[in-house]
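So this one's coords_30.txt, compact mmCIF, C-alpha atoms:
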# COMPACT_ATOMS: atom_id res chain seq x y z
CA MET A 1 0.00 0.00 0.00
CA ASN A 2 2.72 2.45 0.96
CA GLN A 3 4.61 1.62 -2.22
CA LEU A 4 1.47 2.49 -4.19
CA LEU A 5 1.11 5.87 -2.49
CA TYR A 6 4.81 6.55 -2.95
CA THR A 7 4.60 5.80 -6.65
CA LEU A 8 1.52 8.02 -6.97
CA GLN A 9 3.43 10.85 -5.34
CA ILE A 10 6.12 10.68 -8.02
CA ALA A 11 3.59 10.12 -10.81
CA ASP A 12 1.44 13.09 -9.75
CA ASN A 13 4.48 15.39 -9.82
CA ALA A 14 5.21 14.31 -13.38
CA LEU A 15 1.61 14.61 -14.54
CA ILE A 16 0.84 17.98 -12.99
CA LEU A 17 4.11 19.66 -13.96
CA GLY A 18 3.83 18.10 -17.42
CA HIS A 19 0.34 19.54 -17.76
CA ARG A 20 1.46 22.96 -16.58
CA ILE A 21 4.31 23.03 -19.08
CA SER A 22 2.03 21.76 -21.85
CA GLU A 23 -0.06 24.90 -21.37
CA TRP A 24 2.75 26.73 -23.18
CA CYS A 25 2.14 24.67 -26.31
CA GLY A 26 1.34 27.12 -29.07
CA HIS A 27 2.13 30.10 -26.82
CA GLY A 28 5.93 29.93 -26.57
CA PRO A 29 7.86 33.16 -27.10
CA ILE A 30 9.46 31.72 -30.21
CA LEU A 31 8.78 28.57 -32.18
CA GLU A 32 11.97 26.80 -31.09
CA GLN A 33 11.32 27.28 -27.37
CA ASP A 34 7.69 26.35 -27.84
CA ILE A 35 8.84 23.01 -29.21
CA ALA A 36 11.47 22.65 -26.49
CA LEU A 37 8.84 23.08 -23.77
CA THR A 38 6.38 20.79 -25.50
CA ASN A 39 9.08 18.10 -25.68
CA THR A 40 9.68 18.53 -21.96
CA ALA A 41 5.97 18.33 -21.21
CA LEU A 42 5.81 15.08 -23.15
CA ASP A 43 8.81 13.71 -21.24
CA HIS A 44 6.98 14.36 -17.96
CA LEU A 45 3.79 12.84 -19.31
CA GLY A 46 5.66 9.75 -20.48
CA GLN A 47 7.19 9.32 -17.03
CA ALA A 48 3.77 9.80 -15.44
CA ARG A 49 2.35 7.11 -17.68
CA SER A 50 4.94 4.49 -16.70
CA LEU A 51 4.53 5.37 -13.03
CA TYR A 52 0.71 5.22 -13.15
CA GLN A 53 0.87 1.84 -14.89
CA HIS A 54 3.03 0.60 -12.04
CA ALA A 55 0.66 2.16 -9.50
CA ALA A 56 -2.37 0.62 -11.22
CA ASP A 57 -0.78 -2.83 -11.05
CA MET A 58 -0.23 -2.39 -7.34
CA PHE A 59 -3.76 -1.06 -6.87
CA ASN A 60 -5.31 -4.00 -8.68
CA ALA A 61 -3.46 -6.37 -6.36
CA LEU A 62 -5.06 -4.84 -3.25
CA SER A 63 -7.91 -6.50 -1.37
CA THR A 64 -11.45 -5.43 -2.27
CA ASP A 65 -11.83 -3.58 1.03
CA GLU A 66 -8.66 -1.61 0.52
CA LYS A 67 -9.69 -0.74 -3.03
CA LYS A 68 -13.01 0.61 -1.85
CA THR A 69 -11.55 2.90 0.77
CA LEU A 70 -8.39 4.22 -0.88
CA PHE A 71 -9.89 6.79 -3.27
CA SER A 72 -13.16 8.62 -2.69
CA SER A 73 -13.97 9.57 -6.28
CA THR A 74 -17.39 8.27 -7.36
CA ALA A 75 -16.16 7.60 -10.86
CA LEU A 76 -13.42 5.32 -9.51
CA GLN A 77 -15.80 3.71 -7.02
CA ASN A 78 -18.16 2.82 -9.87
CA LYS A 79 -15.38 1.02 -11.69
CA ILE A 80 -14.18 -0.75 -8.56
CA ASN A 81 -17.71 -1.85 -7.64
CA LYS A 82 -18.12 -3.33 -11.09
CA GLY A 83 -14.95 -5.30 -10.44
CA GLU A 84 -13.01 -3.60 -13.24
CA ALA A 85 -9.25 -3.36 -13.04
CA LEU A 86 -7.91 0.20 -13.04
CA ASP A 87 -5.34 1.42 -15.54
CA GLU A 88 -3.06 4.45 -15.76
CA ASP A 89 -5.78 6.62 -17.31
CA ASP A 90 -8.18 5.95 -14.45
CA LEU A 91 -5.62 7.08 -11.91
CA ALA A 92 -4.88 10.25 -13.86
CA TYR A 93 -8.36 11.22 -14.97
CA LEU A 94 -10.75 9.86 -12.38
CA ARG A 95 -9.02 10.62 -9.10
CA ASP A 96 -10.22 13.69 -7.21
CA GLY A 97 -7.98 16.57 -6.17
CA TRP A 98 -7.76 15.52 -2.53
CA ASP A 99 -6.21 12.23 -3.62
CA PHE A 100 -3.39 13.90 -5.57
CA ARG A 101 0.02 13.88 -3.91
CA ASN A 102 2.06 16.22 -6.09
CA LEU A 103 4.31 18.92 -4.67
CA LEU A 104 2.75 22.38 -4.44
CA LEU A 105 5.58 23.71 -6.61
CA THR A 106 4.50 21.64 -9.61
CA GLU A 107 0.95 23.04 -9.68
CA GLN A 108 1.93 26.73 -9.48
CA SER A 109 0.90 28.72 -12.52
CA ASN A 110 3.08 29.56 -15.50
CA LYS A 111 2.53 33.33 -15.13
CA ASP A 112 5.35 34.42 -17.44
CA TRP A 113 8.55 32.99 -18.89
CA ALA A 114 10.58 33.84 -15.77
CA TYR A 115 8.16 32.08 -13.42
CA THR A 116 8.00 29.06 -15.72
CA VAL A 117 11.79 28.84 -15.90
CA VAL A 118 12.20 29.24 -12.13
CA ARG A 119 9.58 26.59 -11.35
CA SER A 120 11.23 24.17 -13.76
CA PHE A 121 14.71 24.91 -12.47
CA LEU A 122 13.87 24.41 -8.80
CA TYR A 123 12.04 21.19 -9.62
CA ASP A 124 14.50 19.85 -12.22
CA ALA A 125 17.42 20.25 -9.82
CA PHE A 126 15.46 18.26 -7.25
CA ASN A 127 14.21 15.71 -9.75
CA PHE A 128 17.73 15.06 -11.05
CA TYR A 129 19.06 14.00 -7.65
CA PHE A 130 15.80 12.28 -6.78
CA TYR A 131 15.86 10.00 -9.84
CA THR A 132 19.59 9.44 -9.42
CA ALA A 133 18.90 8.04 -5.97
CA LEU A 134 15.73 6.24 -7.03
CA GLN A 135 17.82 4.11 -9.41
CA ASN A 136 18.83 2.16 -6.30
CA SER A 137 15.26 1.47 -5.23
CA LYS A 138 14.43 -2.08 -4.22
CA ASP A 139 11.30 -1.70 -6.33
CA THR A 140 12.85 -2.77 -9.62
CA VAL A 141 10.12 -1.12 -11.70
CA LEU A 142 10.72 2.23 -9.99
CA ALA A 143 14.45 1.78 -10.42
CA ALA A 144 14.03 1.08 -14.14
CA ILE A 145 11.74 4.08 -14.64
CA ALA A 146 14.25 6.24 -12.77
CA GLU A 147 17.11 5.08 -14.94
CA LYS A 148 15.20 5.78 -18.14
CA SER A 149 13.85 9.13 -16.94
CA LEU A 150 17.18 10.39 -15.70
CA LYS A 151 18.39 11.02 -19.24
CA GLU A 152 15.38 13.23 -19.87
CA VAL A 153 15.68 14.97 -16.54
CA THR A 154 19.36 15.69 -17.14
CA TYR A 155 18.37 17.62 -20.24
CA HIS A 156 15.52 19.40 -18.43
CA LEU A 157 17.96 20.61 -15.80
CA ARG A 158 20.41 21.77 -18.43
CA TRP A 159 17.66 23.71 -20.21
CA SER A 160 16.26 25.39 -17.12
CA SER A 161 19.71 26.15 -15.65
CA GLU A 162 20.75 27.87 -18.84
CA TRP A 163 17.61 29.96 -18.89
CA MET A 164 18.16 30.97 -15.25
CA ILE A 165 21.63 32.19 -16.23
CA ARG A 166 20.42 33.80 -19.44
CA LEU A 167 17.68 35.75 -17.69
CA GLY A 168 19.59 36.49 -14.48
CA ASP A 169 22.72 37.64 -16.24
CA GLY A 170 20.70 39.27 -19.03
CA THR A 171 19.07 42.67 -19.10
CA GLU A 172 17.96 44.70 -16.10
CA GLU A 173 14.36 43.74 -16.76
CA SER A 174 15.00 40.01 -17.23
CA LYS A 175 17.05 39.95 -14.04
CA ALA A 176 14.37 41.74 -12.02
CA ARG A 177 11.67 39.43 -13.31
CA VAL A 178 13.53 36.18 -12.71
CA GLN A 179 14.57 37.35 -9.23
CA GLU A 180 10.93 38.16 -8.44
CA ALA A 181 9.82 34.73 -9.65
CA LEU A 182 12.55 33.08 -7.59
CA ASN A 183 11.55 35.00 -4.45
CA ASN A 184 7.90 34.05 -4.91
CA TYR A 185 8.32 30.36 -5.69
CA TRP A 186 11.09 29.80 -3.15
CA THR A 187 8.46 29.20 -0.47
CA PHE A 188 7.49 25.93 -2.22
CA THR A 189 10.99 24.44 -2.08
CA GLY A 190 10.84 23.36 1.56
CA GLU A 191 8.30 20.70 0.70
CA LEU A 192 10.71 19.04 -1.72
CA PHE A 193 12.73 17.76 1.23
CA GLU A 194 10.00 17.26 3.77
CA ALA A 195 9.65 13.57 4.52
CA THR A 196 6.03 12.47 4.96
CA THR A 197 4.99 9.21 6.59
CA VAL A 198 4.86 7.75 3.08
CA ASP A 199 8.41 8.94 2.37
CA ASN A 200 9.70 7.56 5.64
CA ALA A 201 8.07 4.18 5.17
CA ALA A 202 9.42 3.96 1.59
CA LEU A 203 12.89 4.89 2.81
CA ALA A 204 12.69 2.31 5.58
CA ASP A 205 11.76 -0.57 3.25
CA GLY A 206 14.39 0.38 0.69
CA THR A 207 12.06 1.45 -2.10
CA GLY A 208 12.25 5.21 -1.48
CA VAL A 209 14.74 8.04 -1.57
CA ASP A 210 16.20 9.90 1.39
CA VAL A 211 14.99 13.38 0.45
CA ALA A 212 16.81 15.03 3.34
CA ALA A 213 20.09 13.70 1.94
CA ILE A 214 19.57 15.11 -1.55
CA LYS A 215 18.81 18.55 -0.12
CA ILE A 216 22.54 19.22 0.24
CA GLN A 217 23.20 18.34 -3.41
CA TRP A 218 20.20 20.36 -4.52
CA GLN A 219 21.30 23.40 -2.52
CA GLU A 220 24.79 23.20 -3.99
CA ARG A 221 23.47 23.01 -7.53
CA VAL A 222 21.05 25.88 -6.95
CA ASN A 223 23.82 28.01 -5.44
CA THR A 224 26.13 27.38 -8.38
CA VAL A 225 23.51 28.34 -10.95
CA LEU A 226 22.29 31.38 -9.02
CA ASP A 227 25.89 32.50 -8.65
CA GLU A 228 26.49 32.32 -12.36
CA ALA A 229 23.13 33.97 -13.01
CA THR A 230 24.13 36.81 -10.61
CA LEU A 231 20.89 36.18 -8.71
CA THR A 232 20.37 36.40 -4.97
CA LEU A 233 19.32 33.42 -2.89
CA PRO A 234 15.92 34.35 -1.41
CA ALA A 235 16.08 35.20 2.26
CA ASN A 236 12.61 34.01 3.24
CA VAL A 237 12.59 30.78 5.17
CA TRP A 238 8.84 30.34 5.66
CA MET A 239 7.98 27.27 3.66
CA GLN A 240 4.59 26.25 2.35
CA SER A 241 3.78 22.55 2.28
CA GLY A 242 0.95 20.05 2.15
CA GLY A 243 0.83 18.87 -1.46
CA LYS A 244 2.43 15.52 -0.69
CA GLU A 245 -0.27 14.97 1.92
CA CYS A 246 -3.06 15.91 -0.47
CA ARG A 247 -3.57 19.49 0.77
CA HIS A 248 -3.30 21.64 -2.30
CA SER A 249 -3.29 25.25 -3.40
CA GLU A 250 -6.23 26.73 -5.30
CA HIS A 251 -4.56 25.86 -8.60
CA LEU A 252 -4.92 22.09 -8.62
CA GLY A 253 -8.71 22.12 -8.96
CA TYR A 254 -8.51 24.23 -12.10
CA ILE A 255 -5.83 22.01 -13.60
CA LEU A 256 -7.86 18.88 -12.96
CA ALA A 257 -11.06 20.52 -14.20
CA GLU A 258 -9.42 21.11 -17.54
CA MET A 259 -7.45 17.89 -17.68
CA GLN A 260 -10.17 15.52 -16.51
CA PHE A 261 -13.18 17.14 -18.17
CA MET A 262 -13.43 14.83 -21.17
CA GLN A 263 -13.17 11.56 -19.23
CA ARG A 264 -15.58 12.78 -16.60
CA ALA A 265 -18.15 14.07 -19.07
CA TYR A 266 -17.80 11.18 -21.52
CA PRO A 267 -16.65 8.16 -19.50
CA ASP A 268 -14.32 5.76 -21.33
CA MET A 269 -14.23 7.90 -24.45
CA GLU A 270 -11.33 7.30 -26.83
CA TRP A 271 -10.12 8.99 -29.94
CA MET B 1 31.96 45.76 -60.10
CA ASN B 2 30.39 45.98 -56.69
CA GLN B 3 27.29 44.40 -58.19
CA LEU B 4 29.28 41.45 -59.46
CA ILE B 5 30.87 40.49 -56.16
CA ASN B 6 27.74 41.01 -54.15
CA LYS B 7 27.73 38.52 -51.31
CA ASN B 8 24.80 36.15 -51.42
CA LEU B 9 23.63 34.61 -48.22
CA TYR B 10 22.20 31.18 -47.84
CA GLY B 11 18.78 30.99 -49.44
CA ASP B 12 19.71 33.94 -51.63
CA TYR B 13 18.62 36.61 -49.22
CA GLY B 14 20.02 39.99 -50.01
CA ASP B 15 22.36 41.69 -47.57
CA LYS B 16 19.44 43.69 -46.24
CA GLU B 17 17.76 40.60 -44.84
CA GLN B 18 20.83 39.06 -43.34
CA ALA B 19 19.99 37.24 -40.21
CA ALA B 20 22.21 38.76 -37.56
CA GLY B 21 20.59 42.12 -38.04
CA ALA B 22 23.89 43.83 -38.77
CA SER B 23 22.41 46.52 -40.94
CA GLY B 24 19.89 47.42 -38.26
CA THR B 25 17.25 48.90 -40.51
CA HIS B 26 15.27 45.85 -41.58
CA ASN B 27 12.43 44.20 -39.77
CA THR B 28 14.42 41.35 -38.25
CA ALA B 29 16.49 43.72 -36.09
CA GLY B 30 16.21 42.72 -32.45
CA GLU B 31 15.33 39.15 -33.26
CA TRP B 32 17.66 36.28 -32.54
CA PRO B 33 19.99 35.49 -35.41
CA LEU B 34 19.28 32.68 -37.83
CA TRP B 35 21.34 29.49 -37.70
CA GLU B 36 21.76 26.66 -40.16
CA VAL B 37 21.55 23.18 -38.72
CA PHE B 38 23.47 20.12 -39.91
CA ILE B 39 22.63 16.70 -38.53
CA ARG B 40 24.62 13.47 -38.67
CA SER B 41 22.10 10.65 -38.70
CA LYS B 42 24.53 7.97 -37.56
CA ALA B 43 28.21 7.54 -36.89
CA GLY B 44 30.24 7.34 -40.07
CA LEU B 45 27.84 9.35 -42.22
CA ASP B 46 28.34 13.01 -42.97
CA HIS B 47 26.39 15.91 -41.51
CA LYS B 48 23.51 16.91 -43.76
CA HIS B 49 21.70 20.21 -43.84
CA ALA B 50 18.45 19.79 -41.89
CA GLY B 51 17.05 23.30 -41.80
CA SER B 52 17.41 26.55 -39.94
CA LEU B 53 16.22 28.11 -36.71
CA HIS B 54 16.58 31.16 -34.48
CA ALA B 55 18.73 31.20 -31.35
CA ALA B 56 20.55 33.73 -29.20
CA ASP B 57 23.91 31.94 -29.31
CA ALA B 58 25.60 28.75 -30.48
CA GLN B 59 24.75 26.73 -27.40
CA MET B 60 21.08 27.62 -27.62
CA ALA B 61 21.17 26.89 -31.33
CA ILE B 62 22.42 23.36 -30.66
CA GLU B 63 19.74 22.80 -28.04
CA ASN B 64 17.02 24.22 -30.24
CA ALA B 65 18.25 22.00 -33.04
CA ARG B 66 18.08 19.02 -30.70
CA ASP B 67 14.47 19.87 -29.87
CA VAL B 68 13.36 20.82 -33.37
CA TYR B 69 15.27 18.42 -35.61
CA THR B 70 16.16 15.30 -33.60
CA ARG B 71 12.89 14.51 -31.86
CA ARG B 72 12.35 11.39 -33.93
CA MET B 73 15.84 9.97 -33.52
CA GLU B 74 17.15 11.69 -36.63
CA GLY B 75 20.58 12.38 -35.30
CA VAL B 76 23.63 11.54 -33.23
CA SER B 77 25.55 14.77 -33.82
CA ILE B 78 24.65 18.37 -34.55
CA TRP B 79 26.54 21.21 -36.21
CA VAL B 80 25.23 24.75 -36.26
CA VAL B 81 26.57 27.78 -38.04
CA GLU B 82 25.15 31.27 -38.11
CA SER B 83 23.49 31.70 -41.48
CA LYS B 84 25.33 34.93 -42.19
CA TYR B 85 28.60 33.01 -42.40
CA ILE B 86 27.37 30.85 -45.26
CA HIS B 87 28.40 32.18 -48.64
CA ALA B 88 26.36 31.04 -51.60
CA SER B 89 26.74 31.22 -55.32
CA ASP B 90 24.75 33.87 -57.14
CA PRO B 91 21.65 32.41 -58.82
CA PHE B 92 21.98 34.98 -61.58
CA GLU B 93 25.31 33.46 -62.51
CA ALA B 94 23.83 29.98 -62.77
CA ALA B 95 24.12 29.98 -66.56
CA SER B 96 27.84 30.58 -66.61
CA MET B 97 28.48 28.52 -63.54
CA TYR B 98 26.70 25.27 -64.30
CA GLU B 99 25.52 25.05 -67.88
CA PRO B 100 28.99 24.57 -69.38
CA ALA B 101 29.04 21.15 -67.71
CA ASN B 102 25.90 20.06 -69.55
CA ASP B 103 27.55 18.91 -72.79
CA LYS B 104 30.61 17.31 -71.28
CA VAL B 105 29.37 13.78 -70.82
CA TYR B 106 32.91 12.48 -71.16
CA ARG B 107 33.45 13.62 -67.58
CA HIS B 108 31.28 10.75 -66.44
CA PRO B 109 33.24 7.50 -66.13
CA THR B 110 30.87 5.63 -68.46
CA PHE B 111 33.21 5.06 -71.40
CA TYR B 112 35.17 2.17 -70.10
CA ASN B 113 34.72 -1.44 -71.18
CA LEU B 114 34.24 -3.50 -68.11
CA PRO B 115 35.23 -7.17 -68.06
CA ASP B 116 32.26 -9.55 -67.73
CA GLU B 117 33.52 -10.95 -64.44
CA LEU B 118 33.07 -7.59 -62.79
CA LYS B 119 29.69 -7.34 -61.17
CA HIS B 120 27.84 -4.73 -59.16
CA MET B 121 29.25 -1.67 -60.88
Could the structure of this file be written out as structure tokens, please?
Amino acid sequence: MNQLLYTLQIADNALILGHRISEWCGHGPILEQDIALTNTALDHLGQARSLYQHAADMFNALSTDEKKTLFSSTALQNKINKGEALDEDDLAYLRDGWDFRNLLLTEQSNKDWAYTVVRSFLYDAFNFYFYTALQNSKDTVLAAIAEKSLKEVTYHLRWSSEWMIRLGDGTEESKARVQEALNNYWTFTGELFEATTVDNAALADGTGVDVAAIKIQWQERVNTVLDEATLTLPANVWMQSGGKECRHSEHLGYILAEMQFMQRAYPDMEW
Amino acid sequence: MNQLINKNLYGDYGDKEQAAGASGTHNTAGEWPLWEVFIRSKAGLDHKHAGSLHAADAQMAIENARDVYTRRMEGVSIWVVESKYIHASDPFEAASMYEPANDKVYRHPTFYNLPDELKHM
């Protein structure tokens, strides 16, 4: 059960951030960066898909009682009551907001290019070390997904780091805007390294990652990039959290409303 | 004389439209310069021209090329060069440049008698 929740936590990060980034599709500042972001969104979505498949397998292996109590969504309950096995789409499209375990950072809005770059950078730097460590998971499926995803994540981090430097060490305006974005989204970085009961249990049984340990690596990487970008490390230490324990900001509902609409309105539709 | 040695950019743009915006008066001023992208599809083959794109510098050009031109496993290596550094022949000189070769079939190695034993030529 814990392994299922842990996998969902990783999958939800990928799905929600992937969706956020996909919102840029067709709106990028120039064609080439539009395509770059769309590629990245698809990388995240692909990772989410593998992770949800793994989660669905674990869900389907649960006892009937556990299945009935784990998620409250009526749409999922209907499927479970009919005895249907769930798949990756069900977990993505039929789960309600209070059953999502993504980090608050991943659901924050795109706002402008600077905010989008900052959000990606803070997350990519985390994700890079997270997947690096996850390669050693005792859950061989998670380890394999981590190994495959790490190549993509390495490129994401390279892309977002370079944009941090480009904007920070760019014009007066680009610097001011990226610094503002950094100051505002910094408050969501504490949660990256906050170990929940799910994290602790996963760490204890060898399937999870020690998030406290990767904080040092993350901080070093962030410092190096901010240094080169001539940006200032935000001074605020008040950290917002709750996403990993299903308490979300106002944004998640809107994301899900858009993302889940079709499957909710036309159950089992395909095209 | 000036007319005759006029530099032609890739794609036969005139100097006015040159990508880096050096002349400063045309409508691409302030945009990122144009780059030509060459992709090697696998080790051992040569880099082939794939297309062009805009980027602020060489590093971004390579990354943009990766995202625009190698998404379907088209490449294992990328070259980029700013379009303004490509010199092209003048299309108006095509007659004198290329037509003289038209009636010189003897330049093709097709006039040799090959022995019967030789196959696959």
Show me, as a tab-separated table, the residues of chain A having an atom within 8 Å of chain B, each with the closest atom pair and its distance in Å, using all atoms listed in the file.
residue	atom	partner	partner_atom	distance
A:Glu32	CA	B:Asn64	CA	5.7
A:Gln33	CA	B:Asn64	CA	7.1
A:Ile35	CA	B:Asp67	CA	6.5
A:Ala36	CA	B:Asp67	CA	5.3
A:Asn39	CA	B:Asp67	CA	7.1
TODO: Go ahead and compute the interatomic distance for atom CA of Tyr155 of chain A and atom CA of Met73 of chain B, in Å to one decimal.
DONE: 15.5 Å
- [ ] Can you work out which one of A:Leu103, A:Leu142, A:Ile21, A:Met1 has the shortest atom-to-atom distance to Gly190 of chain A, counting all atoms listed in the file?
- [x] A:Leu103
Set the distance at 12 Å and use all atoms listed in the file: which residues neighbour Arg247 of chain A once local chain neighbours fewer than 5 positions away are removed? I'd like the list as a PDB file with C-alpha atoms, keeping the file's coordinate frame.
ATOM      1  CA  ASP A  96     -10.220  13.690  -7.210  1.00  0.00           C
ATOM      2  CA  GLY A  97      -7.980  16.570  -6.170  1.00  0.00           C
ATOM      3  CA  TRP A  98      -7.760  15.520  -2.530  1.00  0.00           C
ATOM      4  CA  ASP A  99      -6.210  12.230  -3.620  1.00  0.00           C
ATOM      5  CA  PHE A 100      -3.390  13.900  -5.570  1.00  0.00           C
ATOM      6  CA  ARG A 101       0.020  13.880  -3.910  1.00  0.00           C
ATOM      7  CA  ASN A 102       2.060  16.220  -6.090  1.00  0.00           C
ATOM      8  CA  LEU A 103       4.310  18.920  -4.670  1.00  0.00           C
ATOM      9  CA  LEU A 104       2.750  22.380  -4.440  1.00  0.00           C
ATOM     10  CA  GLU A 107       0.950  23.040  -9.680  1.00  0.00           C
ATOM     11  CA  GLU A 191       8.300  20.700   0.700  1.00  0.00           C
ATOM     12  CA  GLN A 240       4.590  26.250   2.350  1.00  0.00           C
ATOM     13  CA  SER A 241       3.780  22.550   2.280  1.00  0.00           C
ATOM     14  CA  GLY A 242       0.950  20.050   2.150  1.00  0.00           C
ATOM     15  CA  LEU A 252      -4.920  22.090  -8.620  1.00  0.00           C
ATOM     16  CA  GLY A 253      -8.710  22.120  -8.960  1.00  0.00           C
TER      17      GLY A 253
END
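You can rank B:Gly30, B:Glu36, B:Lys104, B:Leu114 by their closest distance to Lys84 of chain B using all atoms listed in the file, and at the top of that list sits B:Glu36.
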TODO: Please measure the separation of atom CA of Ala143 of chain A and atom CA of Thr7 of chain A, giving the value in Å to one decimal.
DONE: 11.3 Å
